[in-house]
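Source file: data-v7.csv. Holds: CSV, N, CA and C atoms.
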chain,number,residue,atom,x,y,z
A,1,MET,N,60.8,94.4,73.3
A,1,MET,CA,61.4,93.2,73.7
A,1,MET,C,62.4,93.3,74.8
A,2,LYS,N,63.1,94.5,74.8
A,2,LYS,CA,64.1,94.7,75.9
A,2,LYS,C,63.4,94.7,77.3
A,3,THR,N,62.2,95.3,77.3
A,3,THR,CA,61.4,95.4,78.6
A,3,THR,C,61.1,94.0,79.1
A,4,ILE,N,60.6,93.1,78.2
A,4,ILE,CA,60.2,91.8,78.6
A,4,ILE,C,61.5,91.0,79.1
A,5,LEU,N,62.6,91.2,78.4
A,5,LEU,CA,63.8,90.5,78.8
A,5,LEU,C,64.3,91.0,80.2
A,6,ASN,N,64.1,92.3,80.4
A,6,ASN,CA,64.5,92.9,81.7
A,6,ASN,C,63.6,92.4,82.8
A,7,ILE,N,62.4,92.3,82.6
A,7,ILE,CA,61.4,91.8,83.6
A,7,ILE,C,61.8,90.4,84.0
A,8,ILE,N,62.0,89.5,83.0
A,8,ILE,CA,62.4,88.1,83.3
A,8,ILE,C,63.7,88.1,84.0
A,9,TRP,N,64.6,88.9,83.5
A,9,TRP,CA,66.0,89.0,84.2
A,9,TRP,C,65.8,89.4,85.6
A,10,LEU,N,65.0,90.4,85.9
A,10,LEU,CA,64.8,90.9,87.3
A,10,LEU,C,64.3,89.7,88.2
A,11,VAL,N,63.4,88.9,87.7
A,11,VAL,CA,62.9,87.8,88.5
A,11,VAL,C,63.9,86.7,88.7
A,12,LEU,N,64.6,86.4,87.6
A,12,LEU,CA,65.6,85.2,87.7
A,12,LEU,C,66.9,85.5,88.4
A,13,SER,N,67.4,86.7,88.1
A,13,SER,CA,68.7,86.9,88.8
A,13,SER,C,69.0,88.4,89.1
A,14,GLY,N,68.4,89.3,88.4
A,14,GLY,CA,68.7,90.7,88.6
A,14,GLY,C,68.6,91.3,90.0
A,15,PHE,N,67.5,90.9,90.6
A,15,PHE,CA,67.3,91.4,92.0
A,15,PHE,C,68.3,90.9,92.9
A,16,TRP,N,68.7,89.7,92.9
A,16,TRP,CA,69.7,89.1,93.8
A,16,TRP,C,71.1,89.7,93.5
A,17,LEU,N,71.4,89.9,92.2
A,17,LEU,CA,72.7,90.5,91.9
A,17,LEU,C,72.7,92.0,92.4
A,18,PHE,N,71.6,92.6,92.2
A,18,PHE,CA,71.5,94.0,92.7
A,18,PHE,C,71.7,94.1,94.2
A,19,LEU,N,71.2,93.2,94.9
A,19,LEU,CA,71.4,93.2,96.4
A,19,LEU,C,72.8,92.9,96.7
A,20,GLY,N,73.5,92.1,96.0
A,20,GLY,CA,75.0,91.9,96.2
A,20,GLY,C,75.8,93.1,96.0
A,21,TYR,N,75.4,93.9,94.9
A,21,TYR,CA,76.1,95.1,94.6
A,21,TYR,C,75.8,96.2,95.7
A,22,VAL,N,74.6,96.2,96.2
A,22,VAL,CA,74.2,97.2,97.2
A,22,VAL,C,75.0,96.8,98.5
A,23,LEU,N,75.1,95.6,98.8
A,23,LEU,CA,75.8,95.2,100.0
A,23,LEU,C,77.3,95.5,99.9
A,24,ALA,N,77.9,95.3,98.7
A,24,ALA,CA,79.3,95.6,98.5
A,24,ALA,C,79.5,97.1,98.6
A,25,GLY,N,78.5,97.9,98.0
A,25,GLY,CA,78.6,99.3,98.0
A,25,GLY,C,78.5,99.9,99.4
A,26,ALA,N,77.6,99.3,100.2
A,26,ALA,CA,77.4,99.8,101.6
A,26,ALA,C,78.7,99.5,102.4
A,27,LEU,N,79.3,98.3,102.3
A,27,LEU,CA,80.5,98.0,103.0
A,27,LEU,C,81.6,98.9,102.6
A,28,LEU,N,81.7,99.2,101.3
A,28,LEU,CA,82.8,100.0,100.8
A,28,LEU,C,82.7,101.4,101.2
A,29,CYS,N,81.5,101.9,101.4
A,29,CYS,CA,81.2,103.3,101.8
A,29,CYS,C,81.5,103.5,103.3
A,30,ILE,N,81.8,102.5,104.1
A,30,ILE,CA,82.1,102.7,105.5
A,30,ILE,C,83.3,103.6,105.7
A,31,THR,N,84.3,103.5,104.9
A,31,THR,CA,85.5,104.4,105.0
A,31,THR,C,85.4,105.5,104.0
A,32,VAL,N,86.1,106.6,104.2
A,32,VAL,CA,86.1,107.7,103.3
A,32,VAL,C,86.8,107.2,102.0
A,33,ILE,N,87.9,106.5,102.1
A,33,ILE,CA,88.6,106.0,100.9
A,33,ILE,C,87.8,105.1,100.1
A,34,GLY,N,86.9,104.4,100.7
A,34,GLY,CA,86.1,103.4,99.9
A,34,GLY,C,84.9,104.0,99.2
A,35,ILE,N,84.5,105.3,99.5
A,35,ILE,CA,83.3,105.9,98.9
A,35,ILE,C,83.3,105.8,97.4
A,36,PRO,N,84.4,106.2,96.7
A,36,PRO,CA,84.3,106.1,95.2
A,36,PRO,C,84.0,104.6,94.7
A,37,PHE,N,84.5,103.7,95.5
A,37,PHE,CA,84.3,102.3,95.1
A,37,PHE,C,82.8,101.9,95.4
A,38,GLY,N,82.3,102.4,96.5
A,38,GLY,CA,80.9,102.2,96.8
A,38,GLY,C,80.0,102.8,95.8
A,39,ILE,N,80.3,104.0,95.3
A,39,ILE,CA,79.5,104.6,94.3
A,39,ILE,C,79.5,103.8,93.0
A,40,ALA,N,80.7,103.2,92.7
A,40,ALA,CA,80.8,102.4,91.5
A,40,ALA,C,80.0,101.1,91.7
A,41,ALA,N,80.0,100.6,92.9
A,41,ALA,CA,79.2,99.4,93.1
A,41,ALA,C,77.7,99.7,93.0
A,42,PHE,N,77.2,100.8,93.4
A,42,PHE,CA,75.8,101.2,93.3
A,42,PHE,C,75.5,101.4,91.8
A,43,ARG,N,76.4,102.0,91.0
A,43,ARG,CA,76.2,102.2,89.6
A,43,ARG,C,76.1,100.9,88.9
A,44,ILE,N,76.9,100.0,89.1
A,44,ILE,CA,76.9,98.7,88.5
A,44,ILE,C,75.7,97.9,89.0
A,45,GLY,N,75.3,98.1,90.2
A,45,GLY,CA,74.1,97.4,90.7
A,45,GLY,C,72.9,97.8,90.0
A,46,VAL,N,72.7,99.0,89.6
A,46,VAL,CA,71.6,99.5,88.8
A,46,VAL,C,71.7,98.9,87.4
A,47,TYR,N,72.9,98.8,86.9
A,47,TYR,CA,73.0,98.2,85.6
A,47,TYR,C,72.7,96.7,85.6
A,48,ALA,N,73.1,96.0,86.7
A,48,ALA,CA,72.8,94.6,86.8
A,48,ALA,C,71.3,94.4,87.1
A,49,LEU,N,70.6,95.4,87.6
A,49,LEU,CA,69.2,95.2,87.8
A,49,LEU,C,68.4,95.3,86.5
A,50,TRP,N,68.8,96.0,85.5
A,50,TRP,CA,68.1,96.3,84.3
A,50,TRP,C,69.1,96.4,83.1
A,51,PRO,N,69.8,95.2,82.7
A,51,PRO,CA,70.9,95.3,81.8
A,51,PRO,C,70.6,95.4,80.3
A,52,PHE,N,69.4,94.8,79.9
A,52,PHE,CA,69.1,94.8,78.5
A,52,PHE,C,68.8,96.2,77.9
A,53,GLY,N,69.4,96.5,76.8
A,53,GLY,CA,69.3,97.9,76.3
A,53,GLY,C,70.4,98.8,76.7
A,54,ARG,N,71.3,98.3,77.5
A,54,ARG,CA,72.5,99.1,77.9
A,54,ARG,C,73.8,98.3,77.8
A,55,THR,N,74.9,99.0,77.7
A,55,THR,CA,76.2,98.4,77.6
A,55,THR,C,77.2,99.3,78.2
A,56,THR,N,78.4,98.8,78.3
A,56,THR,CA,79.5,99.6,78.9
A,56,THR,C,80.5,100.0,77.8
A,57,VAL,N,81.1,101.1,78.0
A,57,VAL,CA,82.2,101.6,77.1
A,57,VAL,C,83.3,102.1,77.9
A,58,GLU,N,84.5,102.1,77.4
A,58,GLU,CA,85.6,102.7,78.1
A,58,GLU,C,85.6,104.2,78.0
A,59,ARG,N,86.0,104.8,79.1
A,59,ARG,CA,86.1,106.3,79.1
A,59,ARG,C,87.5,106.7,78.7
A,60,ARG,N,87.6,107.5,77.7
A,60,ARG,CA,89.0,107.9,77.3
A,60,ARG,C,89.6,108.9,78.2
A,61,ASP,N,88.9,109.5,79.1
A,61,ASP,CA,89.5,110.5,80.0
A,61,ASP,C,89.9,109.8,81.3
A,62,ALA,N,89.7,108.5,81.4
A,62,ALA,CA,90.1,107.8,82.6
A,62,ALA,C,91.6,107.5,82.5
A,63,GLY,N,92.3,107.8,83.5
A,63,GLY,CA,93.8,107.7,83.5
A,63,GLY,C,94.3,106.6,84.4
A,64,ALA,N,95.5,106.9,84.9
A,64,ALA,CA,96.2,105.9,85.8
A,64,ALA,C,95.5,105.7,87.1
A,65,PRO,N,94.8,106.8,87.7
A,65,PRO,CA,94.1,106.5,89.0
A,65,PRO,C,93.0,105.4,88.8
A,66,SER,N,92.3,105.4,87.7
A,66,SER,CA,91.3,104.4,87.5
A,66,SER,C,91.9,103.0,87.4
A,67,CYS,N,93.1,102.9,86.9
A,67,CYS,CA,93.8,101.6,86.8
A,67,CYS,C,94.2,101.1,88.2
A,68,VAL,N,94.7,102.0,89.0
A,68,VAL,CA,95.1,101.7,90.4
A,68,VAL,C,93.8,101.3,91.2
A,69,GLY,N,92.8,102.1,90.9
A,69,GLY,CA,91.5,101.9,91.6
A,69,GLY,C,90.9,100.5,91.2
A,70,ASN,N,91.1,100.1,90.0
A,70,ASN,CA,90.6,98.8,89.5
A,70,ASN,C,91.3,97.7,90.2
A,71,VAL,N,92.6,97.8,90.5
A,71,VAL,CA,93.4,96.8,91.2
A,71,VAL,C,92.8,96.7,92.6
A,72,LEU,N,92.6,97.8,93.3
A,72,LEU,CA,92.0,97.8,94.6
A,72,LEU,C,90.6,97.2,94.6
A,73,TRP,N,89.8,97.6,93.6
A,73,TRP,CA,88.5,97.0,93.5
A,73,TRP,C,88.5,95.5,93.3
A,74,LEU,N,89.4,95.0,92.5
A,74,LEU,CA,89.5,93.6,92.3
A,74,LEU,C,89.8,92.8,93.6
A,75,VAL,N,90.6,93.4,94.4
A,75,VAL,CA,91.0,92.8,95.7
A,75,VAL,C,89.8,92.9,96.7
A,76,LEU,N,89.2,94.0,96.7
A,76,LEU,CA,88.2,94.3,97.8
A,76,LEU,C,86.8,93.6,97.4
A,77,ALA,N,86.3,93.8,96.2
A,77,ALA,CA,85.0,93.3,95.9
A,77,ALA,C,84.8,92.7,94.6
A,78,GLY,N,85.7,93.0,93.6
A,78,GLY,CA,85.5,92.5,92.3
A,78,GLY,C,85.4,91.0,92.1
A,79,TRP,N,86.3,90.3,92.8
A,79,TRP,CA,86.4,88.9,92.5
A,79,TRP,C,85.2,88.1,93.0
A,80,TRP,N,84.6,88.5,94.1
A,80,TRP,CA,83.4,87.7,94.5
A,80,TRP,C,82.2,88.2,93.8
A,81,LEU,N,82.1,89.4,93.3
A,81,LEU,CA,81.0,89.8,92.5
A,81,LEU,C,81.1,89.1,91.1
A,82,ALA,N,82.3,89.0,90.6
A,82,ALA,CA,82.4,88.3,89.3
A,82,ALA,C,82.1,86.8,89.5
A,83,LEU,N,82.5,86.2,90.6
A,83,LEU,CA,82.1,84.9,90.9
A,83,LEU,C,80.6,84.7,91.0
A,84,ALA,N,79.9,85.6,91.6
A,84,ALA,CA,78.4,85.5,91.6
A,84,ALA,C,77.9,85.5,90.2
A,85,HIS,N,78.4,86.3,89.3
A,85,HIS,CA,78.0,86.3,87.9
A,85,HIS,C,78.3,85.0,87.2
A,86,VAL,N,79.4,84.4,87.5
A,86,VAL,CA,79.8,83.1,86.9
A,86,VAL,C,78.8,82.1,87.3
A,87,VAL,N,78.6,82.0,88.6
A,87,VAL,CA,77.7,80.9,89.2
A,87,VAL,C,76.3,81.1,88.7
A,88,THR,N,75.8,82.4,88.7
A,88,THR,CA,74.4,82.6,88.2
A,88,THR,C,74.3,82.4,86.7
A,89,GLY,N,75.3,82.7,86.0
A,89,GLY,CA,75.3,82.5,84.5
A,89,GLY,C,75.3,81.0,84.2
A,90,VAL,N,76.1,80.2,84.9
A,90,VAL,CA,76.1,78.8,84.6
A,90,VAL,C,74.7,78.2,85.0
A,91,LEU,N,74.2,78.6,86.2
A,91,LEU,CA,72.9,78.0,86.6
A,91,LEU,C,71.8,78.4,85.6
A,92,LEU,N,71.8,79.6,85.0
A,92,LEU,CA,70.8,80.0,84.1
A,92,LEU,C,71.0,79.3,82.7
A,93,CYS,N,72.2,79.0,82.4
A,93,CYS,CA,72.4,78.3,81.1
A,93,CYS,C,72.0,76.8,81.1
A,94,ILE,N,71.6,76.3,82.2
A,94,ILE,CA,71.2,74.9,82.3
A,94,ILE,C,69.9,74.7,81.5
A,95,THR,N,69.0,75.7,81.5
A,95,THR,CA,67.8,75.6,80.7
A,95,THR,C,67.9,76.4,79.4
A,96,ILE,N,67.1,76.0,78.4
A,96,ILE,CA,67.2,76.7,77.1
A,96,ILE,C,66.7,78.1,77.3
A,97,ILE,N,65.6,78.3,78.0
A,97,ILE,CA,65.1,79.7,78.2
A,97,ILE,C,66.1,80.6,78.9
A,98,GLY,N,66.9,80.0,79.8
A,98,GLY,CA,67.8,80.8,80.6
A,98,GLY,C,69.1,81.1,79.9
A,99,ILE,N,69.4,80.6,78.7
A,99,ILE,CA,70.7,80.8,78.1
A,99,ILE,C,70.9,82.3,77.8
A,100,PRO,N,70.0,83.1,77.2
A,100,PRO,CA,70.2,84.5,77.0
A,100,PRO,C,70.6,85.2,78.3
A,101,PHE,N,69.9,84.8,79.4
A,101,PHE,CA,70.2,85.5,80.7
A,101,PHE,C,71.5,85.1,81.3
A,102,GLY,N,71.9,83.8,81.0
A,102,GLY,CA,73.3,83.4,81.4
A,102,GLY,C,74.3,84.2,80.6
A,103,PHE,N,74.1,84.4,79.3
A,103,PHE,CA,75.1,85.2,78.6
A,103,PHE,C,75.1,86.6,79.0
A,104,ALA,N,74.0,87.2,79.5
A,104,ALA,CA,73.9,88.5,80.0
A,104,ALA,C,74.8,88.6,81.3
A,105,ASN,N,74.7,87.5,82.1
A,105,ASN,CA,75.6,87.5,83.3
A,105,ASN,C,77.0,87.4,82.9
A,106,PHE,N,77.4,86.7,81.9
A,106,PHE,CA,78.8,86.6,81.5
A,106,PHE,C,79.2,88.0,80.9
A,107,LYS,N,78.3,88.7,80.3
A,107,LYS,CA,78.6,90.1,79.8
A,107,LYS,C,78.9,91.0,81.0
A,108,LEU,N,78.4,90.8,82.1
A,108,LEU,CA,78.6,91.7,83.3
A,108,LEU,C,79.9,91.4,84.0
A,109,ILE,N,80.6,90.3,83.7
A,109,ILE,CA,81.8,89.9,84.4
A,109,ILE,C,82.9,90.9,84.3
A,110,PRO,N,83.2,91.4,83.0
A,110,PRO,CA,84.3,92.4,82.9
A,110,PRO,C,84.1,93.6,83.7
A,111,VAL,N,82.9,94.2,83.7
A,111,VAL,CA,82.6,95.4,84.4
A,111,VAL,C,82.6,95.2,85.9
A,112,SER,N,82.2,93.9,86.3
A,112,SER,CA,82.3,93.7,87.8
A,112,SER,C,83.7,93.5,88.3
A,113,LEU,N,84.6,93.1,87.4
A,113,LEU,CA,86.0,93.0,87.8
A,113,LEU,C,86.7,94.3,87.8
A,114,MET,N,86.5,95.2,86.8
A,114,MET,CA,87.2,96.4,86.6
A,114,MET,C,86.2,97.5,86.2
A,115,PRO,N,85.5,98.1,87.1
A,115,PRO,CA,84.4,99.1,86.8
A,115,PRO,C,84.9,100.5,86.6
A,116,LEU,N,86.0,100.9,87.1
A,116,LEU,CA,86.5,102.2,87.0
A,116,LEU,C,87.0,102.5,85.6
A,117,GLY,N,86.7,103.6,85.1
A,117,GLY,CA,87.1,103.9,83.7
A,117,GLY,C,86.1,103.4,82.7
A,118,ARG,N,85.0,103.0,83.1
A,118,ARG,CA,83.9,102.5,82.2
A,118,ARG,C,82.7,103.3,82.5
A,119,GLU,N,81.8,103.4,81.4
A,119,GLU,CA,80.6,104.2,81.5
A,119,GLU,C,79.5,103.3,81.0
A,120,ILE,N,78.3,103.4,81.6
A,120,ILE,CA,77.2,102.6,81.1
A,120,ILE,C,76.3,103.5,80.2
A,121,VAL,N,76.1,103.1,79.0
A,121,VAL,CA,75.4,103.9,78.0
A,121,VAL,C,74.3,103.0,77.4
A,122,PRO,N,73.2,103.6,76.8
A,122,PRO,CA,72.2,102.9,76.1
A,122,PRO,C,72.9,102.2,74.9
A,123,THR,N,72.3,101.1,74.4
A,123,THR,CA,72.9,100.4,73.3
A,123,THR,C,72.7,101.2,72.0
A,124,ASP,N,71.7,102.1,71.9
A,124,ASP,CA,71.5,102.9,70.7
A,124,ASP,C,72.5,104.1,70.7
A,125,GLN,N,73.3,104.3,71.8
A,125,GLN,CA,74.3,105.3,71.9
A,125,GLN,C,75.6,104.6,72.3
A,126,PRO,N,76.3,103.9,71.4
A,126,PRO,CA,77.4,103.1,71.8
A,126,PRO,C,78.7,103.8,72.1
A,127,PHE,N,78.6,105.1,72.2
A,127,PHE,CA,79.8,105.9,72.5
A,127,PHE,C,79.6,106.7,73.7
A,128,SER,N,80.7,106.9,74.4
A,128,SER,CA,80.6,107.7,75.7
A,128,SER,C,80.2,109.1,75.4
A,129,SER,N,79.5,109.8,76.2
A,129,SER,CA,79.2,111.2,76.1
A,129,SER,C,80.3,112.1,76.3
A,130,ARG,N,81.4,111.5,76.8
A,130,ARG,CA,82.6,112.3,77.2
A,130,ARG,C,83.6,112.4,76.1
A,131,TRP,N,83.4,111.8,74.9
A,131,TRP,CA,84.3,111.8,73.8
A,131,TRP,C,84.2,113.0,73.0
Could you quickly redo this structure as structure tokens?
Amino acid sequence: MKTILNIIWLVLSGFWLFLGYVLAGALLCITVIGIPFGIAAFRIGVYALWPFGRTTVERRDAGAPSCVGNVLWLVLAGWWLALAHVVTGVLLCITIIGIPFGFANFKLIPVSLMPLGREIVPTDQPFSSRW
């Protein structure tokens, strides 16, 4: 079932969201300081491409630098990526078939706003491998 949902997701919104994350990652990788943020954008882009069957968990080993990085991320890229998820989610919720995909978009908003200090794991392994 996860595969079918992911294929429909890919057609309806996953590919376009993935392109947004790749664009953000490429722009952030222009400077040396932005490379960690670009890598985070690429990581979330892959998650946005194929989200069903995976979730995000907080990393316990993430400290103050990830908090500072999340503030910078929010200013540089997070707000407009989260806005893309809100708009796409609302548009998908207009139809009955699109409601689960709209909720999946809303599930991606927190990680698009603050990705540092989070890890993407399969849903059958809900704990970070670093614990």
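Atom pair atom N of Pro65 of chain A / atom N of Val32 of chain A has a distance of 18.7 Å (rounded to one decimal).
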*Spatial neighbours of Ser66 of chain A, max dist 6 Å, all atoms listed in the file, sep filter under 3 positions, as a ChimeraX atom specification*: /A:62-63,69-70,116-117
*asked:* Ranking A:Ile109, A:Met114, A:Leu49, A:Val75 by minimum distance to Leu5 of chain A and counting only C-alpha atoms, which one comes first?
replied: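 Looking at the shortest contact to Leu5 of chain A, the residue is A:Leu49.
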*Report the residues of chain A whose backbone DSSP state falls under strand (DSSP E or B), written as number ranges by chain.*
A: 54-58, 118-122
*Around (65.0, 96.0, 90.4) in the file's own coordinates, what residues are found within 7 Å if you use all atoms listed in the file, given back as a count of residues only?*
5
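Using only N, CA and C atoms, the smallest distance between any of A:Phe52, A:Phe103, A:Phe37, A:Tyr21 and Thr88 of chain A comes from A:Phe103.
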*Top pick for closest residue to Lys107 of chain A, considering A:His85, A:Thr3, A:Ala77, A:Leu12 and counting all atoms listed in the file*: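 Among A:His85, A:Thr3, A:Ala77, A:Leu12, it is A:His85 that comes nearest to Lys107 of chain A.
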*Using only C-alpha atoms, which residues sit within 8 Å of Ala24 of chain A once same-chain residues fewer than 2 positions away are excluded, as number ranges by chain?*
A: 20-22, 26-28, 38, 41, 77
*atom C of Leu81 of chain A and atom C of Ser112 of chain A are how many Å apart?*
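Atom C of Leu81 of chain A sits 5.8 Å away from atom C of Ser112 of chain A.
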*Atom pair atom N of Leu108 of chain A / atom N of Leu19 of chain A: separation (Å)*: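 Between these atoms lies a distance of 14.9 Å.
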*Could you find all residues in segment 17-131 of chain A that DSSP calls alpha helix (DSSP H) from the backbone, and write them as a ChimeraX atom specification?*
/A:17-28,35-49,64-73,79-92,99-113
_Pick from A:Gly89, A:Gly78, A:Pro51, A:Gly34, whichever lies nearest to Phe106 of chain A using all atoms listed in the file_ =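 Comparing A:Gly89, A:Gly78, A:Pro51, A:Gly34 against Phe106 of chain A, the winner is A:Gly89.
Between Ala84 of chain A and the candidates A:Ile35, A:Leu17, A:Cys67, A:Ile120, the tightest atom-to-atom separation, counting only N, CA and C atoms, involves A:Leu17.
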*asked:* Residues within 6.5 Å of Thr56 of chain A, please, as a ChimeraX atom specification. Count only N, CA and C atoms; anything in the same chain fewer than 6 positions from it doesn't count.
replied: /A:118-121
